[in-house]
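Before any comments, here is the structure.
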Amino acid sequence: MDPDSIWQMLVLLLCLLFSAFFSASETALMSLNKIRIRQLVDEGAPRARLLLQMLEDPQRLLSTILVGNNVVNIAASALATSIAIQLAGSAGVGIATGIMTLVVLVFAEITPKSMATARADQVALLVARPINALTCLLRPLVFLLSGIARLMMRLMGGSDQEKPNVTEEALRTMMDVSQEEGVLEQEEHRLLENVFAFGDTQVCDIMVGRIDVVCIEVSSTYEEIRQTFQEERVSRMPVYEDRVDNTIGVLHIKDFFLYADDPASFDLRQHMRKPYYTIESKRIADLFEEMRARRQQLAIVIDEYGGMAGIITMQDIVEVIFGDISDEDDDQNEIVRQVSPDEYWVEGTLRLTELNDLMQVNIDSEDFETIGGLITGELGRLPRQGDKLAVEGIFCQVLEADRNRISLLSISRKAHTVAAQGQNDMQAVSS
């Protein structure tokens with residue numbers, strides 16, 4: 001073998017090494033995301049910040065690697081063909097093609113990529129500097145080729161917009177897998193799920209409906225207000241004039257009981273606070289920020305006609321994440337009470353989302369938010385005590401209905417008859 005052939009073989013081996021280098025670099029760098037790289041930065045890994053900078057433009061990085069890899073692969077094929085022709089004549093072309101295909105696949109593709117997949121962090125940190133230097137060196141060529149690639153993508157109807165590294169769906173999947181593998185406890189998983197729900201929930205989903213709001217008329221006497229606070233056990237009450245839709249203020253229990261003058265001369269207008277208004281369609285995440293900035297604890301919810309749709313408190317918003325928060329002043333009657341392994345007594349205001357969690361079902365309605373509203377809609381008339389209905393495999397029986405709405409009902413997974421002695425307990429739950 002002449003010296004030229006020896007040099008050609010040495011260069012061929014060098015090209016194969018570079019091909020393996022580029023293949024490993026591509027796999028390692030494209031396997032990492034910004035979250036993992038930021039973890040490496042926090043851990044103080046060398047060249048981690050350089051990696052983070054390089055992945056700010058992943059398209060340019062990938063183009064650089066592909067240009068380098070294709071150049072060395074083409075060069076290796078040309079050299080192998082030249083050597084084969086020198087050794088075997090015209091038959092060497094076919095021999096070189098077969099041998100190079102096998103060599104490139106095994107030693108320049110499969111093996112380095114498999115190793116890079118198993119040790120993505122280490123390989124990425126190792127190749128960061130040389131790949132970054134090559135990116136700077138090939139910048140003009142990469143810029144030209146990337147521009148052509150983007151143009152071709154647009155012509156074929158594709159998009160060159162970079163997609164986010166992490167999506168909400170991916171995070172939810174990570175949470176589910178983490179819980180299944182024991183990384184997250186059930187309560188931690190529930191809190192994280194509630195955080196996602198927090199961003200999607202609107203005011204109308206969690207507000208206290210108008211019919212359940214405790215209001216006070218502006219002309220009410222001191223004794224009437226005191227009695228209302230004592231009976232209803234609320235800390236704030238909207239104040240209206242003439243009609244509930246005309247809300248003119250909010251009375252705080254602290255402001256009321258700080259009044260030390262003659263009760264007969266009490267003027268509610270002098271002690272109520274200016275109301276804070278919001279709309280039904282506002283996201284509670286936005287409302288939370290607004291109320292926190294303005295130091296508001298209660299907001300009057302206005303419907304599309306300008307009337308009062310209900311109220312929402314800061315506690316209502318926080319409970320979306322942490323669940324019900326009760327204190328010593330809260331009514332101890334439960335909205336849900338289990339009376340047997342298969343039966344629950346619930347108030348008509350129980351939301352469908354809560355019912356789904358309770359009964360492990362998937363009842364969805366575009367028209368109603370509560371089980372009471374859904375049953376009323378299914379009946380097509382005002383509910384009456386004793387009405388029975390099956391909804392999505394859940395059997396419901398109205399136990400109490402007053403003021404044209406369901407106040408208490410029984411739900412179970414199978415048809416049943418409410419026990420006679422339940423009447424006394426029913427009164428205890430609904431009183």
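Ordered as shown in the structure tokens, chains take letters A, B, and onward, while each chain numbers its residues from 1 and ligands are numbered from 1 in the order shown.
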Which residues come within 6 Å of A:Leu125, counting only C-alpha atoms, excluding same-chain residues fewer than 3 positions away, as a short mmCIF file (atom, residue, chain, number, x, y, z; two decimals) with C-alpha atoms, in the first residue's frame?
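Below is the file around11.cif, written as the result:
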data_model
loop_
_atom_site.label_atom_id
_atom_site.label_comp_id
_atom_site.auth_asym_id
_atom_site.auth_seq_id
_atom_site.Cartn_x
_atom_site.Cartn_y
_atom_site.Cartn_z
CA ARG A 47 -19.80 24.58 31.29
CA GLN A 122 -21.74 14.13 30.99
CA ALA A 128 -20.13 22.03 24.89
#
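Distances here use only C-alpha atoms; by that measure, the residue among A:Ser23, A:Arg384, A:Thr221, A:Glu366 closest to A:Val106 is A:Ser23.
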Notebook entry, point to check: Please, what distance in Å, to one decimal, runs between atom CA of A:Pro112 and atom CA of A:Pro58?
Noted result: 20.6 Å
Do you know which residues are at most 12 Å from stretch 297-310 of chain A counting only C-alpha atoms, after dropping those on the same chain fewer than 3 positions away, and could you put them as an mmCIF file with C-alpha atoms, in the first residue's frame?
data_model
loop_
_atom_site.group_PDB
_atom_site.id
_atom_site.type_symbol
_atom_site.label_atom_id
_atom_site.label_comp_id
_atom_site.auth_asym_id
_atom_site.auth_seq_id
_atom_site.Cartn_x
_atom_site.Cartn_y
_atom_site.Cartn_z
ATOM 1 C CA GLN A 202 -63.416 31.664 37.014
ATOM 2 C CA VAL A 203 -65.187 33.694 39.674
ATOM 3 C CA CYS A 204 -68.575 32.207 38.751
ATOM 4 C CA ASP A 205 -67.231 28.718 39.525
ATOM 5 C CA ILE A 206 -66.627 29.345 43.236
ATOM 6 C CA MET A 207 -68.618 32.445 44.225
ATOM 7 C CA VAL A 208 -71.412 32.360 46.799
ATOM 8 C CA GLY A 209 -74.599 32.691 44.758
ATOM 9 C CA ARG A 210 -76.901 35.630 45.328
ATOM 10 C CA ILE A 211 -79.601 33.523 46.968
ATOM 11 C CA ASP A 212 -77.132 32.427 49.684
ATOM 12 C CA VAL A 213 -75.605 35.860 50.338
ATOM 13 C CA VAL A 214 -76.399 37.449 53.702
ATOM 14 C CA CYS A 215 -77.118 41.123 52.994
ATOM 15 C CA VAL A 234 -70.474 36.089 59.047
ATOM 16 C CA SER A 235 -67.704 38.674 59.287
ATOM 17 C CA ARG A 236 -68.811 40.891 56.392
ATOM 18 C CA MET A 237 -72.164 41.737 54.842
ATOM 19 C CA PRO A 238 -72.984 43.620 51.634
ATOM 20 C CA VAL A 239 -75.146 46.680 52.270
ATOM 21 C CA TYR A 240 -77.897 47.493 49.774
ATOM 22 C CA ARG A 243 -83.046 46.304 46.412
ATOM 23 C CA VAL A 244 -80.241 43.757 46.624
ATOM 24 C CA ASP A 245 -78.935 44.632 43.151
ATOM 25 C CA ASN A 246 -78.163 48.140 44.389
ATOM 26 C CA THR A 247 -75.195 47.287 46.602
ATOM 27 C CA ILE A 248 -73.692 50.452 48.071
ATOM 28 C CA GLY A 249 -71.209 49.161 50.619
ATOM 29 C CA VAL A 250 -69.836 46.379 52.812
ATOM 30 C CA LEU A 251 -70.144 46.287 56.592
ATOM 31 C CA HIS A 252 -67.297 44.657 58.523
ATOM 32 C CA ARG A 273 -66.820 50.453 53.544
ATOM 33 C CA LYS A 274 -66.715 51.112 49.836
ATOM 34 C CA PRO A 275 -67.603 47.916 47.930
ATOM 35 C CA TYR A 276 -65.161 46.241 45.592
ATOM 36 C CA TYR A 277 -66.732 44.868 42.411
ATOM 37 C CA THR A 278 -65.719 42.149 40.008
ATOM 38 C CA ILE A 279 -67.334 40.186 37.176
ATOM 39 C CA GLU A 280 -68.358 36.544 36.872
ATOM 40 C CA SER A 281 -65.973 35.702 34.022
ATOM 41 C CA LYS A 282 -62.777 36.960 35.666
ATOM 42 C CA ILE A 284 -59.657 33.940 40.125
ATOM 43 C CA LEU A 287 -58.807 38.550 41.053
ATOM 44 C CA PHE A 288 -56.521 37.202 43.763
ATOM 45 C CA GLU A 289 -53.748 39.574 42.676
ATOM 46 C CA GLU A 290 -56.166 42.516 42.512
ATOM 47 C CA MET A 291 -57.681 41.855 45.918
ATOM 48 C CA ARG A 292 -54.290 41.332 47.506
ATOM 49 C CA ALA A 293 -52.963 44.578 46.024
ATOM 50 C CA ARG A 294 -56.025 46.507 47.243
ATOM 51 C CA THR A 313 -64.028 36.233 49.445
ATOM 52 C CA MET A 314 -60.292 35.830 49.628
ATOM 53 C CA GLN A 315 -60.891 32.657 51.617
ATOM 54 C CA ASP A 316 -63.001 31.231 48.779
ATOM 55 C CA ILE A 317 -60.091 31.786 46.400
ATOM 56 C CA VAL A 318 -57.462 30.283 48.694
#
Next item on the list: Measuring atom to atom with only C-alpha atoms, identify which of A:Ile85, A:Ile131, A:Val93, A:Asp364 is nearest to A:Leu61.
Entry: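 Once distances to A:Leu61 are computed over only C-alpha atoms, the minimum belongs to A:Ile131.
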Next item on the list: Would you please work out which residue, of A:Gly348, A:Met175, A:Leu141, A:Leu17, is nearest to A:Glu187 when using only C-alpha atoms?
Entry: A:Met175
